[in-house]
Each structure stands twice: as structure tokens, then as C-alpha cells.
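Q: One structure, pasted below without further comment.
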Amino acid sequence: LPVRHHGITLGRVDDVLLDEAGAPIGLAVLFVAGEPAFLPWPSAVLDADEVRVPYPLAILSESELEYYRLSGRSLRAEREPGDTSVVAGS
């Protein structure tokens with residue numbers, strides 16, 4: 001699923017990170033330049049065909065992404081083998 005700000009593609013959703021209860025805490029994003037980043041769940045606006053980012057400053061760096069990867073769970077790691085979607089519509 002593409003991640004966009006005002007129609008400009010910033011990257012794609014790579015994973016959904018969950019808390020211990022299974023609630024989403026944010027999205028692991030792979031920028032078009034190949035850099036990983038973290039988008040906190042409250043800062044993402046999910047549409048059927050994209051994730052909108054109203055405030056690009058809400059996107060956090062790779063070091064923050066690693067923190068949330070270590071403190072949360074990966075939806076990608078928990079899904080069924082052969083299932084290629086991470087977020088509906090991706």
C-alpha cells in the first residue's frame with residue numbers, strides 16, 4: 001500500500017506493528033529511497049488504496065522503527081504462509 005503526502009508517494013507499507021494486545025501501534029514504511037521508517041498509527045489516515053500522511057514530520061527514523069519493532073509484534077511475522085497482504089488493499 002503506498003504511503004502518500006498530498007498525492008506524492010513517499011514509500012510503501014512494509015509491515016504493521018502491533019502491541020501486546022494486538023492493537024496497531026504503527027506502520028513500518030520503506031521510503032522510495034530505500035530507507036526504513038516508522039509511521040505512528042494515530043498519524044496515518046488509511047484509505048482503500050493508500051495511506052495518507054497529513055503531517056510528514058510524524059514519520060520517524062529507522063532508530064525509532066527499531067525501538068517499536070523490539071517492543072511490539074510484527075503482523076507480517078504472524079500471518080499465514082502464502083498471504084501476501086499486510087494491509088487491506090495492498
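Chain labels A, B, ... are given in the sequence in which chains occur in the C-alpha cells; within each chain residues are numbered consecutively from 1, and ligands are likewise numbered from 1 in the order shown.
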Could you pull out the strand (DSSP E or B) residues of chain A from DSSP and send them as a ChimeraX atom specification?
A: /A:2-5,8-18,24-31,36-40,45-46,51-52,60,73-74
Q: Excluding Ala28 (chain A) and any residue of its chain fewer than 2 positions from it, enumerate the residues within 8 Å of it, using only C-alpha atoms, and give them as a PyMOL selection string.
A: chain A and resi 13-17+26+30+36-39+65
Q: Per DSSP on the backbone, what are the helix (DSSP H, G or I) residues of chain A, as a VMD selection string?
A: chain A and resid 41 to 43 56 to 58 62 to 71 75 to 78
Q: How about saving the chosen residues, N, CA and C atoms kept, as a short mmCIF file (atom, residue, chain, number, x, y, z; two decimals), in the first residue's frame?
A:
data_model
loop_
_atom_site.label_atom_id
_atom_site.label_comp_id
_atom_site.auth_asym_id
_atom_site.auth_seq_id
_atom_site.Cartn_x
_atom_site.Cartn_y
_atom_site.Cartn_z
N TRP A 41 0.57 4.96 14.31
CA TRP A 41 -0.80 4.68 13.88
C TRP A 41 -1.70 5.92 13.91
N PRO A 42 -1.65 6.75 14.98
CA PRO A 42 -2.54 7.92 15.01
C PRO A 42 -2.23 8.95 13.92
N SER A 43 -1.04 8.88 13.34
CA SER A 43 -0.64 9.83 12.31
C SER A 43 -0.96 9.36 10.90
N PRO A 56 4.04 15.06 7.45
CA PRO A 56 5.22 14.23 7.22
C PRO A 56 6.23 14.23 8.36
N LEU A 57 6.20 15.25 9.20
CA LEU A 57 7.13 15.26 10.35
C LEU A 57 6.79 14.18 11.36
N ALA A 58 5.61 13.57 11.23
CA ALA A 58 5.22 12.48 12.12
C ALA A 58 5.95 11.18 11.79
N GLU A 62 14.67 5.39 11.28
CA GLU A 62 14.93 3.95 11.41
C GLU A 62 15.21 3.55 12.86
N SER A 63 15.86 4.42 13.63
CA SER A 63 16.14 4.06 15.02
C SER A 63 14.85 3.94 15.84
N GLU A 64 13.89 4.83 15.58
CA GLU A 64 12.58 4.71 16.25
C GLU A 64 11.84 3.48 15.77
N LEU A 65 11.95 3.17 14.49
CA LEU A 65 11.34 1.96 13.94
C LEU A 65 11.87 0.74 14.67
N GLU A 66 13.17 0.68 14.89
CA GLU A 66 13.76 -0.47 15.57
C GLU A 66 13.25 -0.59 17.00
N TYR A 67 13.06 0.55 17.67
CA TYR A 67 12.51 0.53 19.03
C TYR A 67 11.13 -0.13 19.02
N TYR A 68 10.27 0.29 18.08
CA TYR A 68 8.91 -0.26 18.03
C TYR A 68 8.90 -1.71 17.54
N ARG A 69 9.85 -2.07 16.69
CA ARG A 69 9.96 -3.48 16.29
C ARG A 69 10.30 -4.36 17.49
N LEU A 70 11.19 -3.88 18.35
CA LEU A 70 11.61 -4.64 19.52
C LEU A 70 10.54 -4.66 20.61
N SER A 71 9.77 -3.59 20.74
CA SER A 71 8.77 -3.53 21.82
C SER A 71 7.41 -4.02 21.38
N LEU A 75 2.94 -7.90 12.32
CA LEU A 75 1.81 -8.58 11.69
C LEU A 75 2.31 -9.49 10.57
N ARG A 76 3.33 -9.04 9.87
CA ARG A 76 3.92 -9.83 8.78
C ARG A 76 4.39 -11.19 9.30
N ALA A 77 5.01 -11.21 10.46
CA ALA A 77 5.53 -12.45 11.04
C ALA A 77 4.40 -13.37 11.50
N GLU A 78 3.24 -12.81 11.81
CA GLU A 78 2.13 -13.60 12.35
C GLU A 78 1.14 -14.10 11.30
#
Q: As an MDAnalysis selection string, please: the residues near Thr9 (chain A) (cut-off 10 Å, only C-alpha atoms, same-chain neighbours under 3 positions excluded).
A: chainID A and resid 2:6 12 31:32 50:52
Q: Go ahead and write the residues just picked, N, CA and C atoms, as an mmCIF file, in the first residue's frame.
A:
data_model
loop_
_atom_site.group_PDB
_atom_site.id
_atom_site.type_symbol
_atom_site.label_atom_id
_atom_site.label_comp_id
_atom_site.auth_asym_id
_atom_site.auth_seq_id
_atom_site.Cartn_x
_atom_site.Cartn_y
_atom_site.Cartn_z
ATOM 1 N N PRO A 2 0.705 2.165 -0.922
ATOM 2 C CA PRO A 2 1.567 3.345 -0.952
ATOM 3 C C PRO A 2 1.274 4.293 0.214
ATOM 4 N N VAL A 3 2.315 4.973 0.650
ATOM 5 C CA VAL A 3 2.209 5.999 1.685
ATOM 6 C C VAL A 3 2.431 7.330 0.983
ATOM 7 N N ARG A 4 1.431 8.241 1.094
ATOM 8 C CA ARG A 4 1.487 9.487 0.325
ATOM 9 C C ARG A 4 1.193 10.704 1.196
ATOM 10 N N HIS A 5 1.793 11.817 0.780
ATOM 11 C CA HIS A 5 1.513 13.125 1.367
ATOM 12 C C HIS A 5 1.099 14.044 0.232
ATOM 13 N N HIS A 6 -0.146 14.476 0.256
ATOM 14 C CA HIS A 6 -0.708 15.338 -0.799
ATOM 15 C C HIS A 6 -0.453 14.767 -2.196
ATOM 16 N N ARG A 12 6.194 2.777 0.747
ATOM 17 C CA ARG A 12 5.179 1.724 0.812
ATOM 18 C C ARG A 12 5.171 1.115 2.207
ATOM 19 N N PHE A 31 10.743 3.852 2.449
ATOM 20 C CA PHE A 31 10.722 5.021 1.578
ATOM 21 C C PHE A 31 11.179 4.663 0.178
ATOM 22 N N VAL A 32 10.819 5.498 -0.797
ATOM 23 C CA VAL A 32 11.210 5.249 -2.182
ATOM 24 C C VAL A 32 12.731 5.224 -2.325
ATOM 25 N N GLU A 50 -4.507 3.775 -0.382
ATOM 26 C CA GLU A 50 -3.283 4.437 0.067
ATOM 27 C C GLU A 50 -3.357 4.726 1.562
ATOM 28 N N VAL A 51 -2.194 5.026 2.110
ATOM 29 C CA VAL A 51 -2.105 5.551 3.472
ATOM 30 C C VAL A 51 -1.679 7.005 3.315
ATOM 31 N N ARG A 52 -2.514 7.911 3.809
ATOM 32 C CA ARG A 52 -2.188 9.330 3.724
ATOM 33 C C ARG A 52 -1.479 9.771 4.994
#
Q: Quick one: of A:Arg79, A:Gly72, A:Ile8, A:Ile59, who's nearest to Gly22 (chain A), counting only C-alpha atoms?
A: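 Using only C-alpha atoms, Gly22 (chain A) sits closest to A:Gly72.
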Q: Grab the CA of Gly7 (chain A) to CA of Asp19 (chain A) distance for me, in Å with one decimal place.
A: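 Answer for the CA of Gly7 (chain A) to CA of Asp19 (chain A) separation: 29.7 Å.
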Q: Counting only C-alpha atoms, figure out which residue out of A:Ala21, A:Pro54, A:Gly11, A:Ala48 gets nearest to Ala33 (chain A).
A: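 Counting only C-alpha atoms, the residue closest to Ala33 (chain A) is A:Gly11.
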